[in-house]
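Asker: What follows is final25.pdb, made up of PDB, C-alpha atoms:
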ATOM      1  CA  MET H   1    -132.604 241.684 -55.414
ATOM      2  CA  ALA H   2    -130.813 239.773 -58.166
ATOM      3  CA  TRP H   3    -129.765 241.594 -61.316
ATOM      4  CA  PHE H   4    -130.124 238.458 -63.432
ATOM      5  CA  PRO H   5    -132.479 235.496 -63.247
ATOM      6  CA  ALA H   6    -130.690 232.538 -61.623
ATOM      7  CA  PRO H   7    -130.124 230.515 -64.848
ATOM      8  CA  LEU H   8    -128.701 233.569 -66.614
ATOM      9  CA  ALA H   9    -126.476 234.466 -63.655
ATOM     10  CA  GLY H  10    -125.160 230.905 -63.537
ATOM     11  CA  ARG H  11    -124.385 230.948 -67.250
ATOM     12  CA  ALA H  12    -122.680 234.331 -66.961
ATOM     13  CA  ALA H  13    -120.585 233.170 -63.996
ATOM     14  CA  SER H  14    -119.636 230.007 -65.852
ATOM     15  CA  LEU H  15    -118.611 231.960 -68.948
ATOM     16  CA  LEU H  16    -116.582 234.483 -66.923
ATOM     17  CA  SER H  17    -114.851 231.643 -65.062
ATOM     18  CA  LEU H  18    -113.977 229.952 -68.348
ATOM     19  CA  LEU H  19    -112.558 233.199 -69.751
ATOM     20  CA  ALA H  20    -110.497 233.848 -66.593
ATOM     21  CA  ILE H  21    -109.066 230.318 -66.568
ATOM     22  CA  TRP H  22    -108.346 230.536 -70.294
ATOM     23  CA  GLU H  23    -106.576 233.888 -69.881
ATOM     24  CA  ALA H  24    -104.506 232.594 -66.958
ATOM     25  CA  ALA H  25    -103.531 229.411 -68.836
ATOM     26  CA  ALA H  26    -102.477 231.448 -71.871
ATOM     27  CA  TRP H  27    -100.451 233.779 -69.686
ATOM     28  CA  PHE H  28     -98.611 230.836 -68.101
ATOM     29  CA  ALA H  29     -98.103 229.076 -71.464
ATOM     30  CA  HIS H  30     -96.859 232.281 -73.098
ATOM     31  CA  SER H  31     -97.143 230.741 -76.561
ATOM     32  CA  ARG H  32     -98.250 232.102 -79.920
ATOM     33  CA  LEU H  33    -100.170 228.853 -80.374
ATOM     34  CA  PHE H  34    -102.271 229.407 -77.242
ATOM     35  CA  PRO H  35    -103.580 232.977 -77.268
ATOM     36  CA  GLY H  36    -105.446 234.442 -74.339
ATOM     37  CA  ALA H  37    -109.190 234.991 -74.209
ATOM     38  CA  GLY H  38    -108.764 238.762 -74.424
ATOM     39  CA  ALA H  39    -106.671 238.521 -77.587
ATOM     40  CA  VAL H  40    -109.175 236.153 -79.195
ATOM     41  CA  LEU H  41    -112.159 238.317 -78.239
ATOM     42  CA  ALA H  42    -110.383 241.424 -79.556
ATOM     43  CA  THR H  43    -109.708 239.568 -82.802
ATOM     44  CA  LEU H  44    -113.348 238.464 -82.925
ATOM     45  CA  VAL H  45    -114.528 242.077 -82.683
ATOM     46  CA  ASP H  46    -111.888 243.293 -85.152
ATOM     47  CA  GLU H  47    -112.788 240.607 -87.706
ATOM     48  CA  ALA H  48    -116.502 241.390 -87.302
ATOM     49  CA  VAL H  49    -115.904 245.113 -87.859
ATOM     50  CA  HIS H  50    -113.000 245.161 -90.342
ATOM     51  CA  GLY H  51    -112.475 241.599 -91.550
ATOM     52  CA  ASP H  52    -114.344 238.897 -93.401
ATOM     53  CA  LEU H  53    -116.024 237.279 -90.376
ATOM     54  CA  LEU H  54    -119.528 238.538 -91.194
ATOM     55  CA  HIS H  55    -119.166 237.476 -94.845
ATOM     56  CA  HIS H  56    -118.076 233.963 -93.870
ATOM     57  CA  LEU H  57    -120.687 233.721 -91.113
ATOM     58  CA  GLY H  58    -123.371 234.816 -93.585
ATOM     59  CA  ALA H  59    -122.228 232.243 -96.130
ATOM     60  CA  THR H  60    -122.460 229.507 -93.494
ATOM     61  CA  LEU H  61    -125.887 230.620 -92.282
ATOM     62  CA  ALA H  62    -127.210 230.753 -95.847
ATOM     63  CA  ARG H  63    -126.371 227.055 -96.216
ATOM     64  CA  VAL H  64    -128.365 226.133 -93.056
ATOM     65  CA  VAL H  65    -131.896 227.392 -94.186
ATOM     66  CA  THR H  66    -133.919 224.150 -94.996
ATOM     67  CA  LEU H  67    -135.602 221.873 -92.456
ATOM     68  CA  ARG H  68    -138.066 219.622 -94.201
ATOM     69  CA  GLU H  69    -140.028 217.212 -92.142
ATOM     70  CA  GLY H  70    -143.072 215.244 -93.136
ATOM     71  CA  ALA H  71    -146.446 215.602 -91.554
ATOM     72  CA  ARG H  72    -147.367 211.936 -91.970
ATOM     73  CA  THR H  73    -148.015 211.552 -88.260
ATOM     74  CA  LEU H  74    -151.126 213.739 -88.255
ATOM     75  CA  ASP H  75    -154.261 212.076 -86.960
ATOM     76  CA  ARG H  76    -156.812 212.272 -89.768
ATOM     77  CA  ASP H  77    -159.673 211.618 -87.335
ATOM     78  CA  LEU H  78    -158.875 214.832 -85.462
ATOM     79  CA  ALA H  79    -158.813 216.783 -88.725
ATOM     80  CA  ASP H  80    -162.174 215.284 -89.677
ATOM     81  CA  MET H  81    -163.571 216.246 -86.269
ATOM     82  CA  ALA H  82    -162.347 219.830 -86.699
ATOM     83  CA  GLU H  83    -163.992 219.943 -90.098
ATOM     84  CA  SER H  84    -167.300 218.616 -88.773
ATOM     85  CA  PHE H  85    -167.286 221.314 -86.069
ATOM     86  CA  HIS H  86    -166.504 223.972 -88.747
ATOM     87  CA  PHE H  87    -163.217 225.036 -87.145
ATOM     88  CA  GLY H  88    -161.934 226.672 -90.315
ATOM     89  CA  VAL H  89    -158.387 226.588 -91.583
ATOM     90  CA  TRP H  90    -156.791 228.831 -88.937
ATOM     91  CA  ARG H  91    -158.438 227.200 -85.898
ATOM     92  CA  THR H  92    -157.739 223.710 -87.271
ATOM     93  CA  TRP H  93    -154.081 224.640 -87.764
ATOM     94  CA  ARG H  94    -153.778 226.231 -84.322
ATOM     95  CA  HIS H  95    -155.745 223.722 -82.230
ATOM     96  CA  VAL H  96    -155.362 220.426 -84.124
ATOM     97  CA  THR H  97    -152.388 220.378 -86.488
ATOM     98  CA  LEU H  98    -149.772 222.434 -84.647
ATOM     99  CA  PRO H  99    -150.118 220.634 -81.277
ATOM    100  CA  GLN H 100    -149.598 217.300 -83.040
ATOM    101  CA  LEU H 101    -146.549 218.545 -84.918
ATOM    102  CA  ALA H 102    -144.893 220.527 -82.102
ATOM    103  CA  PRO H 103    -142.923 217.725 -80.392
ATOM    104  CA  PHE H 104    -141.965 216.203 -83.744
ATOM    105  CA  PHE H 105    -140.880 219.576 -85.079
ATOM    106  CA  LEU H 106    -138.728 220.410 -82.050
ATOM    107  CA  VAL H 107    -136.923 217.070 -82.007
ATOM    108  CA  ALA H 108    -136.412 217.183 -85.761
ATOM    109  CA  SER H 109    -135.213 220.780 -85.533
ATOM    110  CA  ARG H 110    -132.585 220.055 -82.909
ATOM    111  CA  THR H 111    -131.404 216.845 -84.557
ATOM    112  CA  GLY H 112    -131.424 218.333 -88.014
ATOM    113  CA  LEU H 113    -129.668 221.522 -86.983
ATOM    114  CA  ALA H 114    -126.973 219.627 -85.081
ATOM    115  CA  LEU H 115    -126.270 217.538 -88.169
ATOM    116  CA  ILE H 116    -126.538 220.429 -90.600
ATOM    117  CA  TRP H 117    -124.114 222.626 -88.628
ATOM    118  CA  LYS H 118    -121.494 219.858 -88.773
ATOM    119  CA  ILE H 119    -122.050 219.048 -92.435
ATOM    120  CA  VAL H 120    -121.872 222.671 -93.499
ATOM    121  CA  LEU H 121    -118.602 223.198 -91.654
ATOM    122  CA  VAL H 122    -117.055 220.081 -93.203
ATOM    123  CA  VAL H 123    -118.213 221.049 -96.707
ATOM    124  CA  GLU H 124    -116.824 224.546 -96.250
ATOM    125  CA  LEU H 125    -113.606 223.130 -94.836
ATOM    126  CA  LEU H 126    -113.097 220.810 -97.801
ATOM    127  CA  GLY H 127    -114.329 222.674-100.813
ATOM    128  CA  ARG H 128    -116.014 226.032-100.476
ATOM    129  CA  PRO H 129    -114.345 229.389-101.167
ATOM    130  CA  ASP H 130    -115.951 231.038 -98.144
ATOM    131  CA  GLY H 131    -117.738 230.355 -94.870
ATOM    132  CA  ILE H 132    -116.628 229.701 -91.312
ATOM    133  CA  GLY H 133    -115.290 226.225 -92.131
ATOM    134  CA  TYR H 134    -113.203 227.656 -94.969
ATOM    135  CA  ALA H 135    -111.856 230.450 -92.764
ATOM    136  CA  ILE H 136    -111.001 228.032 -89.954
ATOM    137  CA  GLN H 137    -109.097 225.831 -92.409
ATOM    138  CA  VAL H 138    -107.144 228.823 -93.762
ATOM    139  CA  PHE H 139    -106.267 230.083 -90.286
ATOM    140  CA  PHE H 140    -105.245 226.541 -89.268
ATOM    141  CA  GLN H 141    -102.847 226.351 -92.223
ATOM    142  CA  LEU H 142    -101.414 229.769 -91.333
ATOM    143  CA  PHE H 143    -101.062 228.831 -87.630
ATOM    144  CA  ASP H 144    -103.194 231.899 -86.848
ATOM    145  CA  VAL H 145    -104.712 230.446 -83.695
ATOM    146  CA  ARG H 146    -106.259 233.740 -82.549
ATOM    147  CA  ARG H 147    -108.364 234.069 -85.697
ATOM    148  CA  LEU H 148    -109.131 230.344 -85.771
ATOM    149  CA  ILE H 149    -110.537 230.441 -82.243
ATOM    150  CA  ALA H 150    -112.313 233.770 -82.870
ATOM    151  CA  TYR H 151    -114.132 232.367 -85.907
ATOM    152  CA  ALA H 152    -114.975 229.150 -84.069
ATOM    153  CA  LEU H 153    -116.366 231.200 -81.151
ATOM    154  CA  ALA H 154    -118.493 233.264 -83.542
ATOM    155  CA  PHE H 155    -119.919 230.054 -84.962
ATOM    156  CA  VAL H 156    -120.603 228.632 -81.489
ATOM    157  CA  ALA H 157    -122.287 231.905 -80.517
ATOM    158  CA  VAL H 158    -124.657 231.626 -83.485
ATOM    159  CA  VAL H 159    -125.477 227.992 -82.663
ATOM    160  CA  LEU H 160    -126.189 228.923 -79.027
ATOM    161  CA  ALA H 161    -128.238 231.950 -80.092
ATOM    162  CA  VAL H 162    -130.443 229.697 -82.225
ATOM    163  CA  GLU H 163    -130.831 227.240 -79.334
ATOM    164  CA  TRP H 164    -131.435 229.815 -76.577
ATOM    165  CA  GLY H 165    -133.170 232.475 -78.649
ATOM    166  CA  VAL H 166    -135.377 230.335 -80.890
ATOM    167  CA  LEU H 167    -135.690 226.693 -79.912
ATOM    168  CA  GLN H 168    -135.899 226.952 -76.111
ATOM    169  CA  PRO H 169    -138.452 229.808 -76.067
ATOM    170  CA  LEU H 170    -140.481 228.006 -78.730
ATOM    171  CA  GLU H 171    -140.366 224.783 -76.732
ATOM    172  CA  ARG H 172    -141.495 226.590 -73.553
ATOM    173  CA  ARG H 173    -144.337 228.254 -75.412
ATOM    174  CA  LEU H 174    -145.531 225.078 -77.096
ATOM    175  CA  ALA H 175    -145.347 223.027 -73.893
ATOM    176  CA  ARG H 176    -147.011 225.559 -71.597
ATOM    177  CA  TRP H 177    -150.297 223.633 -71.756
ATOM    178  CA  ARG H 178    -148.628 220.827 -69.779
ATOM    179  CA  ARG H 179    -148.233 222.972 -66.646
TER     180      ARG H 179
END
Starting from the coordinates I provided, produce the structure as structure tokens.

Answerer:
Amino acid sequence: MAWFPAPLAGRAASLLSLLAIWEAAAWFAHSRLFPGAGAVLATLVDEAVHGDLLHHLGATLARVVTLREGARTLDRDLADMAESFHFGVWRTWRHVTLPQLAPFFLVASRTGLALIWKIVLVVELLGRPDGIGYAIQVFFQLFDVRRLIAYALAFVAVVLAVEWGVLQPLERRLARWRR
């Protein structure tokens, strides 16, 4: 009996392989500019507990909070039909409006988030006094590669958490009627 579902086991194996290869490459390079995975992960935990990582991560996340998409694609005939059958607001929203918006919302969410993540990092890098982009720029200037990679990994983890924890489950739920 498997401990993990197959997709999760594959992801875990892939991540562990990456970390092992990274650690081995850093050991062979033996350079301050190429720290090992263990050192970076230890720095990541230390910065989260004792440093400014959570402050900067929070500042970045606060700047990625608005996704505005129009609902101009709604079929007015379907709304009229729901009204004539006395669906009510909730049933009309659930059975008419939301199914029409679901694919549009998911595509717009992924596209918008991908763009917003990049823009926020660049803005923080160039002119904000805090945030992950700011911290990465500071650590780059100080040649503190361990912290630079740790902060970048924290940012990637948040992006993946949004994708795997929010968007993919939502997409599966909204598309279950197709099965």

Asker: Out of H:Pro103, H:Asp130, H:Leu19, H:Ala13, which residue has the shortest atom-to-atom distance to His55 (chain H) when counting all atoms listed in the file?

Answerer: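 Among the listed residues, the smallest separation from His55 (chain H) belongs to H:Asp130.
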
Asker: Report as a PyMOL selection string the residues that result from applying the PyMOL selection byres ((chain H and resi 112-128) around 9) to the structure here.

Answerer: chain H and resi 60-61+63-64+67+107-111+129-138+159

Asker: For Pro99 (chain H), which residue out of H:Asp46, H:Asp75, H:Asp144, H:Glu83 is the nearest one, using all atoms listed in the file?

Answerer: H:Asp75

Asker: Find the smallest box with edges along x, y and z containing every listed atom of region 7-21 of chain H, then add 5 Å on each side and report centre and edge lengths in Å to one decimal, as AutoDock Vina command-line options.

Answerer:
--center_x -119.6 --center_y 232.2 --center_z -66.6 --size_x 31.1 --size_y 14.5 --size_z 16.2

Asker: Please write the residues picked by the PyMOL selection byres ((chain H and resi 145-153) around 10) on this file as a ChimeraX atom specification.

Answerer: /H:32-48,52-54,56-57,131-133,135-144,154-159

Asker: If you keep C-alpha atoms, can you produce a file of those selected residues as a short mmCIF file (atom, residue, chain, number, x, y, z; two decimals), in the frame of the given file?

Answerer:
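Generated output (part.cif):
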data_model
loop_
_atom_site.label_atom_id
_atom_site.label_comp_id
_atom_site.auth_asym_id
_atom_site.auth_seq_id
_atom_site.Cartn_x
_atom_site.Cartn_y
_atom_site.Cartn_z
CA ARG H 32 -98.25 232.10 -79.92
CA LEU H 33 -100.17 228.85 -80.37
CA PHE H 34 -102.27 229.41 -77.24
CA PRO H 35 -103.58 232.98 -77.27
CA GLY H 36 -105.45 234.44 -74.34
CA ALA H 37 -109.19 234.99 -74.21
CA GLY H 38 -108.76 238.76 -74.42
CA ALA H 39 -106.67 238.52 -77.59
CA VAL H 40 -109.18 236.15 -79.19
CA LEU H 41 -112.16 238.32 -78.24
CA ALA H 42 -110.38 241.42 -79.56
CA THR H 43 -109.71 239.57 -82.80
CA LEU H 44 -113.35 238.46 -82.92
CA VAL H 45 -114.53 242.08 -82.68
CA ASP H 46 -111.89 243.29 -85.15
CA GLU H 47 -112.79 240.61 -87.71
CA ALA H 48 -116.50 241.39 -87.30
CA ASP H 52 -114.34 238.90 -93.40
CA LEU H 53 -116.02 237.28 -90.38
CA LEU H 54 -119.53 238.54 -91.19
CA HIS H 56 -118.08 233.96 -93.87
CA LEU H 57 -120.69 233.72 -91.11
CA GLY H 131 -117.74 230.36 -94.87
CA ILE H 132 -116.63 229.70 -91.31
CA GLY H 133 -115.29 226.22 -92.13
CA ALA H 135 -111.86 230.45 -92.76
CA ILE H 136 -111.00 228.03 -89.95
CA GLN H 137 -109.10 225.83 -92.41
CA VAL H 138 -107.14 228.82 -93.76
CA PHE H 139 -106.27 230.08 -90.29
CA PHE H 140 -105.24 226.54 -89.27
CA GLN H 141 -102.85 226.35 -92.22
CA LEU H 142 -101.41 229.77 -91.33
CA PHE H 143 -101.06 228.83 -87.63
CA ASP H 144 -103.19 231.90 -86.85
CA ALA H 154 -118.49 233.26 -83.54
CA PHE H 155 -119.92 230.05 -84.96
CA VAL H 156 -120.60 228.63 -81.49
CA ALA H 157 -122.29 231.90 -80.52
CA VAL H 158 -124.66 231.63 -83.48
CA VAL H 159 -125.48 227.99 -82.66
#
